[in-house]
$ cat entry_28.cif   # mmCIF, N, CA and C atoms
data_query
loop_
_atom_site.label_atom_id
_atom_site.label_comp_id
_atom_site.auth_asym_id
_atom_site.auth_seq_id
_atom_site.Cartn_x
_atom_site.Cartn_y
_atom_site.Cartn_z
N MET L 173 67.63 -13.16 54.14
CA MET L 173 68.30 -13.32 55.42
C MET L 173 67.91 -14.64 56.09
N GLY L 174 66.67 -15.03 55.95
CA GLY L 174 66.21 -16.26 56.57
C GLY L 174 66.93 -17.48 56.04
N LYS L 175 67.29 -17.44 54.76
CA LYS L 175 67.99 -18.57 54.15
C LYS L 175 69.40 -18.71 54.74
N ILE L 176 70.06 -17.60 54.98
CA ILE L 176 71.41 -17.64 55.55
C ILE L 176 71.36 -18.15 56.99
N ILE L 177 70.38 -17.71 57.75
CA ILE L 177 70.25 -18.16 59.14
C ILE L 177 69.95 -19.65 59.20
N LEU L 178 69.05 -20.11 58.35
CA LEU L 178 68.71 -21.53 58.32
C LEU L 178 69.89 -22.37 57.89
N LYS L 179 70.61 -21.91 56.87
CA LYS L 179 71.79 -22.64 56.39
C LYS L 179 72.86 -22.71 57.47
N SER L 180 73.10 -21.61 58.16
CA SER L 180 74.11 -21.61 59.22
C SER L 180 73.68 -22.48 60.39
N LEU L 181 72.40 -22.48 60.70
CA LEU L 181 71.91 -23.32 61.79
C LEU L 181 72.11 -24.80 61.45
N VAL L 182 71.86 -25.17 60.20
CA VAL L 182 72.07 -26.55 59.78
C VAL L 182 73.55 -26.92 59.85
N VAL L 183 74.41 -26.06 59.35
CA VAL L 183 75.86 -26.33 59.38
C VAL L 183 76.35 -26.47 60.81
N PHE L 184 75.97 -25.55 61.68
CA PHE L 184 76.43 -25.59 63.07
C PHE L 184 75.87 -26.81 63.80
N THR L 185 74.63 -27.17 63.54
CA THR L 185 74.03 -28.33 64.19
C THR L 185 74.71 -29.62 63.74
N VAL L 186 74.94 -29.74 62.45
CA VAL L 186 75.61 -30.95 61.94
C VAL L 186 77.01 -31.06 62.52
N MET L 187 77.74 -29.97 62.55
CA MET L 187 79.10 -30.03 63.09
C MET L 187 79.08 -30.32 64.59
N SER L 188 78.10 -29.80 65.31
CA SER L 188 77.99 -30.08 66.75
C SER L 188 77.70 -31.55 66.99
N LEU L 189 76.75 -32.10 66.24
CA LEU L 189 76.41 -33.51 66.42
C LEU L 189 77.55 -34.43 66.02
N LEU L 190 78.27 -34.07 64.96
CA LEU L 190 79.42 -34.87 64.56
C LEU L 190 80.53 -34.82 65.60
N ASN L 191 80.75 -33.66 66.20
CA ASN L 191 81.76 -33.56 67.26
C ASN L 191 81.38 -34.43 68.45
N ALA L 192 80.12 -34.42 68.84
CA ALA L 192 79.67 -35.26 69.96
C ALA L 192 79.79 -36.74 69.61
N LEU L 193 79.41 -37.11 68.40
CA LEU L 193 79.49 -38.51 67.98
C LEU L 193 80.94 -38.99 67.91
N PHE L 194 81.80 -38.19 67.33
CA PHE L 194 83.21 -38.57 67.23
C PHE L 194 83.87 -38.65 68.61
N SER L 195 83.47 -37.77 69.52
CA SER L 195 84.04 -37.85 70.87
C SER L 195 83.58 -39.12 71.58
N GLU L 196 82.35 -39.52 71.35
CA GLU L 196 81.86 -40.78 71.92
C GLU L 196 82.64 -41.96 71.36
N TRP L 197 82.86 -41.97 70.07
CA TRP L 197 83.64 -43.04 69.44
C TRP L 197 85.08 -43.05 69.95
N THR L 198 85.64 -41.88 70.17
CA THR L 198 87.02 -41.78 70.67
C THR L 198 87.13 -42.34 72.08
N VAL L 199 86.16 -42.01 72.93
CA VAL L 199 86.17 -42.52 74.30
C VAL L 199 86.05 -44.04 74.29
N ARG L 200 85.19 -44.57 73.43
CA ARG L 200 85.06 -46.04 73.33
C ARG L 200 86.33 -46.67 72.78
N PHE L 201 86.92 -46.04 71.76
CA PHE L 201 88.13 -46.58 71.15
C PHE L 201 89.29 -46.62 72.13
N LEU L 202 89.42 -45.59 72.94
CA LEU L 202 90.50 -45.52 73.92
C LEU L 202 90.21 -46.34 75.17
N LYS L 203 88.99 -46.88 75.28
CA LYS L 203 88.56 -47.69 76.42
C LYS L 203 88.76 -46.96 77.74
N LEU L 204 88.34 -45.70 77.75
CA LEU L 204 88.43 -44.90 78.96
C LEU L 204 87.31 -45.30 79.91
N PRO L 205 87.51 -45.14 81.21
CA PRO L 205 86.49 -45.57 82.17
C PRO L 205 85.20 -44.77 82.01
N GLY L 206 84.09 -45.50 82.10
CA GLY L 206 82.78 -44.88 81.91
C GLY L 206 82.42 -43.87 82.97
N GLY L 207 82.90 -44.06 84.18
CA GLY L 207 82.58 -43.13 85.26
C GLY L 207 83.16 -41.75 85.02
N SER L 208 84.39 -41.70 84.57
CA SER L 208 85.05 -40.41 84.36
C SER L 208 84.74 -39.81 83.00
N PHE L 209 84.60 -40.66 81.99
CA PHE L 209 84.48 -40.15 80.63
C PHE L 209 83.19 -40.57 79.93
N GLY L 210 82.26 -41.18 80.65
CA GLY L 210 81.02 -41.64 80.05
C GLY L 210 80.15 -40.52 79.52
N MET L 211 80.20 -39.39 80.17
CA MET L 211 79.37 -38.25 79.77
C MET L 211 80.14 -37.22 78.95
N TYR L 212 81.32 -37.58 78.50
CA TYR L 212 82.17 -36.64 77.78
C TYR L 212 81.52 -36.15 76.49
N SER L 213 80.83 -37.03 75.79
CA SER L 213 80.19 -36.61 74.53
C SER L 213 79.07 -35.61 74.80
N TYR L 214 78.38 -35.75 75.94
CA TYR L 214 77.34 -34.78 76.28
C TYR L 214 77.96 -33.43 76.64
N LEU L 215 79.11 -33.46 77.28
CA LEU L 215 79.82 -32.23 77.57
C LEU L 215 80.24 -31.53 76.28
N ILE L 216 80.71 -32.31 75.31
CA ILE L 216 81.08 -31.75 74.01
C ILE L 216 79.85 -31.18 73.32
N LEU L 217 78.71 -31.85 73.43
CA LEU L 217 77.49 -31.35 72.82
C LEU L 217 77.04 -30.03 73.44
N ILE L 218 77.14 -29.92 74.75
CA ILE L 218 76.82 -28.64 75.42
C ILE L 218 77.82 -27.57 75.00
N PHE L 219 79.07 -27.94 74.95
CA PHE L 219 80.15 -27.06 74.52
C PHE L 219 79.87 -26.54 73.10
N CYS L 220 79.47 -27.45 72.21
CA CYS L 220 79.17 -27.07 70.83
C CYS L 220 77.89 -26.25 70.72
N SER L 221 76.95 -26.43 71.64
CA SER L 221 75.73 -25.61 71.64
C SER L 221 76.06 -24.15 71.93
N VAL L 222 77.00 -23.94 72.84
CA VAL L 222 77.45 -22.57 73.13
C VAL L 222 78.15 -21.99 71.90
N ILE L 223 78.95 -22.81 71.25
CA ILE L 223 79.64 -22.36 70.03
C ILE L 223 78.64 -22.05 68.94
N THR L 224 77.58 -22.86 68.83
CA THR L 224 76.53 -22.61 67.84
C THR L 224 75.84 -21.28 68.11
N ALA L 225 75.56 -20.99 69.36
CA ALA L 225 74.92 -19.71 69.70
C ALA L 225 75.83 -18.54 69.35
N ILE L 226 77.11 -18.66 69.66
CA ILE L 226 78.07 -17.59 69.32
C ILE L 226 78.18 -17.46 67.81
N GLY L 227 78.23 -18.58 67.11
CA GLY L 227 78.31 -18.55 65.65
C GLY L 227 77.07 -17.95 65.01
N MET L 228 75.90 -18.26 65.56
CA MET L 228 74.65 -17.70 65.01
C MET L 228 74.61 -16.18 65.18
N VAL L 229 75.04 -15.71 66.34
CA VAL L 229 75.09 -14.26 66.56
C VAL L 229 76.06 -13.62 65.59
N THR L 230 77.20 -14.26 65.37
CA THR L 230 78.19 -13.74 64.42
C THR L 230 77.63 -13.70 63.01
N VAL L 231 76.94 -14.75 62.61
CA VAL L 231 76.36 -14.80 61.26
C VAL L 231 75.27 -13.74 61.11
N ILE L 232 74.47 -13.53 62.14
CA ILE L 232 73.42 -12.52 62.07
C ILE L 232 74.03 -11.12 61.96
N ILE L 233 75.08 -10.87 62.72
CA ILE L 233 75.70 -9.54 62.68
C ILE L 233 76.40 -9.30 61.34
N PHE L 234 77.14 -10.30 60.87
CA PHE L 234 77.91 -10.15 59.62
C PHE L 234 77.29 -11.01 58.52
N ARG L 235 76.00 -10.91 58.31
CA ARG L 235 75.28 -11.80 57.39
C ARG L 235 75.72 -11.68 55.94
N LYS L 236 76.25 -10.55 55.54
CA LYS L 236 76.70 -10.40 54.15
C LYS L 236 78.02 -11.13 53.90
N SER L 237 78.78 -11.40 54.95
CA SER L 237 80.06 -12.09 54.79
C SER L 237 79.93 -13.61 54.82
N TYR L 238 78.85 -14.11 55.41
CA TYR L 238 78.69 -15.56 55.57
C TYR L 238 77.59 -16.06 54.64
N HIS L 239 77.91 -16.17 53.37
CA HIS L 239 76.94 -16.64 52.40
C HIS L 239 77.22 -18.06 51.94
N SER L 240 78.37 -18.63 52.28
CA SER L 240 78.69 -19.99 51.84
C SER L 240 78.82 -20.92 53.04
N VAL L 241 78.61 -22.19 52.79
CA VAL L 241 78.71 -23.22 53.81
C VAL L 241 80.15 -23.30 54.32
N LEU L 242 81.10 -23.13 53.44
CA LEU L 242 82.50 -23.21 53.84
C LEU L 242 82.86 -22.13 54.86
N ARG L 243 82.41 -20.93 54.66
CA ARG L 243 82.71 -19.86 55.62
C ARG L 243 82.08 -20.13 56.98
N MET L 244 80.88 -20.69 56.95
CA MET L 244 80.23 -21.02 58.23
C MET L 244 80.97 -22.15 58.94
N ALA L 245 81.44 -23.12 58.18
CA ALA L 245 82.21 -24.23 58.77
C ALA L 245 83.54 -23.72 59.33
N ILE L 246 84.17 -22.81 58.63
CA ILE L 246 85.42 -22.23 59.12
C ILE L 246 85.17 -21.44 60.40
N LEU L 247 84.07 -20.69 60.44
CA LEU L 247 83.73 -19.93 61.65
C LEU L 247 83.53 -20.88 62.83
N PHE L 248 82.78 -21.95 62.63
CA PHE L 248 82.57 -22.91 63.71
C PHE L 248 83.90 -23.52 64.15
N GLU L 249 84.72 -23.88 63.19
CA GLU L 249 86.01 -24.52 63.50
C GLU L 249 86.92 -23.59 64.29
N VAL L 250 86.99 -22.34 63.91
CA VAL L 250 87.85 -21.38 64.61
C VAL L 250 87.36 -21.19 66.05
N ILE L 251 86.05 -21.03 66.23
CA ILE L 251 85.51 -20.85 67.58
C ILE L 251 85.73 -22.11 68.41
N TYR L 252 85.52 -23.29 67.80
CA TYR L 252 85.70 -24.57 68.51
C TYR L 252 87.15 -24.74 68.96
N LEU L 253 88.09 -24.50 68.06
CA LEU L 253 89.50 -24.64 68.43
C LEU L 253 89.92 -23.63 69.48
N PHE L 254 89.39 -22.42 69.37
CA PHE L 254 89.69 -21.39 70.38
C PHE L 254 89.17 -21.83 71.74
N PHE L 255 87.95 -22.35 71.79
CA PHE L 255 87.39 -22.78 73.06
C PHE L 255 88.13 -24.01 73.61
N LEU L 256 88.58 -24.89 72.73
CA LEU L 256 89.38 -26.02 73.21
C LEU L 256 90.68 -25.53 73.85
N LEU L 257 91.30 -24.55 73.23
CA LEU L 257 92.55 -24.03 73.78
C LEU L 257 92.36 -23.36 75.13
N ILE L 258 91.31 -22.53 75.24
CA ILE L 258 91.13 -21.81 76.51
C ILE L 258 90.53 -22.69 77.60
N SER L 259 89.98 -23.86 77.23
CA SER L 259 89.42 -24.74 78.25
C SER L 259 90.49 -25.63 78.89
N GLY L 260 91.69 -25.57 78.38
CA GLY L 260 92.78 -26.33 78.99
C GLY L 260 93.13 -27.61 78.27
N ASN L 261 92.55 -27.86 77.10
CA ASN L 261 92.92 -29.03 76.31
C ASN L 261 94.24 -28.76 75.62
N ASN L 262 95.30 -29.29 76.20
CA ASN L 262 96.63 -29.09 75.65
C ASN L 262 96.96 -30.27 74.74
N PRO L 263 97.04 -30.05 73.42
CA PRO L 263 97.31 -31.17 72.53
C PRO L 263 98.73 -31.70 72.61
N PHE L 264 99.64 -30.93 73.16
CA PHE L 264 101.04 -31.35 73.23
C PHE L 264 101.38 -32.09 74.51
N LEU L 265 100.43 -32.18 75.42
CA LEU L 265 100.66 -32.88 76.68
C LEU L 265 100.81 -34.38 76.45
N CYS L 266 100.23 -34.88 75.37
CA CYS L 266 100.31 -36.30 75.04
C CYS L 266 101.74 -36.73 74.73
N PHE L 267 102.54 -35.82 74.20
CA PHE L 267 103.91 -36.18 73.83
C PHE L 267 104.81 -36.31 75.05
N SER L 268 104.52 -35.58 76.12
CA SER L 268 105.34 -35.68 77.31
C SER L 268 104.83 -36.75 78.28
N ASP L 269 103.53 -36.94 78.33
CA ASP L 269 102.93 -37.93 79.23
C ASP L 269 101.86 -38.69 78.45
N ALA L 270 102.21 -39.83 77.92
CA ALA L 270 101.33 -40.58 77.02
C ALA L 270 100.33 -41.44 77.80
N THR L 271 99.29 -40.80 78.29
CA THR L 271 98.20 -41.52 78.95
C THR L 271 96.98 -41.46 78.04
N PRO L 272 96.03 -42.36 78.22
CA PRO L 272 94.82 -42.31 77.38
C PRO L 272 94.04 -41.00 77.54
N GLU L 273 94.07 -40.41 78.71
CA GLU L 273 93.37 -39.14 78.92
C GLU L 273 94.01 -38.02 78.10
N ASN L 274 95.34 -38.02 78.04
CA ASN L 274 96.03 -37.01 77.23
C ASN L 274 95.87 -37.28 75.75
N LEU L 275 95.77 -38.55 75.38
CA LEU L 275 95.51 -38.90 73.98
C LEU L 275 94.11 -38.43 73.56
N LEU L 276 93.17 -38.46 74.50
CA LEU L 276 91.82 -37.95 74.22
C LEU L 276 91.87 -36.46 73.88
N MET L 277 92.74 -35.73 74.57
CA MET L 277 92.85 -34.29 74.30
C MET L 277 93.31 -34.03 72.87
N ILE L 278 94.30 -34.76 72.40
CA ILE L 278 94.79 -34.56 71.04
C ILE L 278 93.77 -35.08 70.03
N MET L 279 93.02 -36.12 70.40
CA MET L 279 92.02 -36.66 69.49
C MET L 279 90.86 -35.69 69.28
N MET L 280 90.59 -34.81 70.23
CA MET L 280 89.54 -33.80 70.04
C MET L 280 89.93 -32.85 68.91
N TYR L 281 91.21 -32.52 68.82
CA TYR L 281 91.69 -31.68 67.73
C TYR L 281 91.66 -32.43 66.40
N VAL L 282 92.04 -33.70 66.42
CA VAL L 282 92.02 -34.51 65.20
C VAL L 282 90.58 -34.70 64.72
N ASN L 283 89.67 -34.98 65.66
CA ASN L 283 88.26 -35.12 65.30
C ASN L 283 87.72 -33.85 64.67
N SER L 284 88.09 -32.72 65.22
CA SER L 284 87.64 -31.45 64.69
C SER L 284 88.12 -31.24 63.26
N PHE L 285 89.37 -31.60 63.01
CA PHE L 285 89.93 -31.48 61.66
C PHE L 285 89.21 -32.42 60.69
N ILE L 286 88.92 -33.65 61.12
CA ILE L 286 88.20 -34.60 60.28
C ILE L 286 86.79 -34.09 59.96
N ILE L 287 86.12 -33.54 60.94
CA ILE L 287 84.78 -33.00 60.72
C ILE L 287 84.83 -31.83 59.75
N PHE L 288 85.86 -31.00 59.87
CA PHE L 288 85.99 -29.91 58.91
C PHE L 288 86.21 -30.44 57.50
N LEU L 289 87.00 -31.49 57.36
CA LEU L 289 87.21 -32.09 56.04
C LEU L 289 85.91 -32.68 55.48
N ILE L 290 85.10 -33.26 56.34
CA ILE L 290 83.79 -33.77 55.91
C ILE L 290 82.92 -32.63 55.40
N MET L 291 82.89 -31.54 56.14
CA MET L 291 82.07 -30.38 55.73
C MET L 291 82.62 -29.78 54.44
N TYR L 292 83.93 -29.76 54.30
CA TYR L 292 84.53 -29.23 53.08
C TYR L 292 84.18 -30.10 51.87
N SER L 293 84.17 -31.42 52.07
CA SER L 293 83.79 -32.30 50.95
C SER L 293 82.33 -32.12 50.58
N PHE L 294 81.46 -31.92 51.57
CA PHE L 294 80.06 -31.63 51.25
C PHE L 294 79.92 -30.30 50.53
N TYR L 295 80.76 -29.35 50.89
CA TYR L 295 80.75 -28.06 50.20
C TYR L 295 81.14 -28.24 48.73
N LEU L 296 82.18 -29.04 48.47
CA LEU L 296 82.60 -29.29 47.09
C LEU L 296 81.52 -30.03 46.30
N ILE L 297 80.87 -30.99 46.93
CA ILE L 297 79.77 -31.70 46.26
C ILE L 297 78.63 -30.74 45.95
N HIS L 298 78.33 -29.86 46.89
CA HIS L 298 77.28 -28.86 46.69
C HIS L 298 77.62 -27.95 45.52
N LEU L 299 78.88 -27.53 45.42
CA LEU L 299 79.29 -26.69 44.29
C LEU L 299 79.16 -27.42 42.97
N LYS L 300 79.52 -28.70 42.95
CA LYS L 300 79.39 -29.49 41.72
C LYS L 300 77.94 -29.61 41.30
N LEU L 301 77.06 -29.84 42.25
CA LEU L 301 75.64 -29.97 41.93
C LEU L 301 75.06 -28.66 41.40
N ILE L 302 75.44 -27.56 42.00
CA ILE L 302 74.93 -26.27 41.55
C ILE L 302 75.49 -25.92 40.18
N SER L 303 76.78 -26.21 39.96
CA SER L 303 77.36 -25.88 38.65
C SER L 303 76.77 -26.77 37.56
N SER L 304 76.49 -28.03 37.86
CA SER L 304 75.88 -28.90 36.85
C SER L 304 74.44 -28.47 36.58
N LYS L 305 73.74 -27.98 37.59
CA LYS L 305 72.38 -27.50 37.41
C LYS L 305 72.38 -26.23 36.56
N ASN L 306 73.36 -25.36 36.76
CA ASN L 306 73.47 -24.14 35.96
C ASN L 306 73.82 -24.45 34.52
N LYS L 307 74.63 -25.49 34.27
CA LYS L 307 75.00 -25.87 32.92
C LYS L 307 73.79 -26.41 32.16
N LYS L 308 72.90 -27.12 32.86
CA LYS L 308 71.71 -27.66 32.23
C LYS L 308 70.73 -26.56 31.85
N LEU L 309 70.73 -25.49 32.62
CA LEU L 309 69.82 -24.38 32.35
C LEU L 309 70.25 -23.56 31.15
N THR L 310 71.55 -23.53 30.84
CA THR L 310 72.02 -22.71 29.72
C THR L 310 72.13 -23.49 28.45
#

$ encode --input "entry_28.cif" --output "structure tokens"
Amino acid sequence: MGKIILKSLVVFTVMSLLNALFSEWTVRFLKLPGGSFGMYSYLILIFCSVITAIGMVTVIIFRKSYHSVLRMAILFEVIYLFFLLISGNNPFLCFSDATPENLLMIMMYVNSFIIFLIMYSFYLIHLKLISSKNKKLT
């Protein structure tokens, strides 16, 4: 059980830090004012910390279902997208009113998808390493 908890904590922490980092890069890329959006990455980090806590409780309760990195990444992604939706981040608002602030809202969804793809690629690399290690043993 300790291995599953540690693995999920690492996955959730990496995804949280990547979300905060990508949001910081997005704010800089869009050249949004520092007064209004300077602390946005810290808000995302706090937001992701809550998601990490919810995800950890979920993994502890359903520990037999969350044995792979991919399932943990999917759990984090689903909770993150759900929280983005209920917090008022409307990704379709950018199409009706194209302001940099509304573009930031859609970029949070794009960043989340990119982070999930990064985690998925690490999962595939991990599978390749384990399968090659098993082939050497036989």

$ closest_residue --input "entry_28.cif" --among "L:Ser188, L:Asn306, L:Phe254, L:His239" --to "Ser221 of chain L" --atoms "all atoms listed in the file"
L:Ser188

$ residues_near_point --input "entry_28.cif" --point "(83.3, -30.4, 69.9)" --cutoff "6 Å" --atoms "only C-alpha atoms" --output "PyMOL selection string"
chain L and resi 191+216+220

$ axis_aligned_box --input "entry_28.cif" --around "segment 299-308 of chain L" --padding-each-side "5 Å" --output "JSON"
{"center_x": 75.1, "center_y": -27.1, "center_z": 38.6, "size_x": 18.8, "size_y": 15.8, "size_z": 23.6}

$ select_by_dssp --input "entry_28.cif" --residues "chain L" --states "helix (DSSP H, G or I)" --output "NGL selection string"
:L and (174-202 or 206-209 or 212-233 or 241-258 or 265-268 or 272-309)

$ closest_residue --input "entry_28.cif" --among "L:Ser303, L:Leu190, L:Leu217, L:Tyr238" --to "Met291 of chain L" --atoms "only C-alpha atoms"
L:Leu190

$ closest_residue --input "entry_28.cif" --among "L:Phe255, L:Tyr281, L:Tyr214, L:Phe288" --to "Leu193 of chain L" --atoms "only N, CA and C atoms"
L:Tyr214

$ residues_near_point --input "entry_28.cif" --point "(74.1, -20.7, 61.7)" --cutoff "7 Å" --atoms "all atoms listed in the file" --output "number ranges by chain"
L: 176-185, 224, 227-229, 231

$ resolve_selection --input "entry_28.cif" --expression "the PyMOL selection byres ((chain L and resi 278) around 8)" --output "number ranges by chain"
L: 261-266, 273-277, 279-284

$ atom_distance --input "entry_28.cif" --atom1 "atom C of Leu189 of chain L" --atom2 "atom N of Lys236 of chain L"
26.1 Å

$ atom_distance --input "entry_28.cif" --atom1 "atom CA of Leu289 of chain L" --atom2 "atom CA of Asp269 of chain L"
28.6 Å
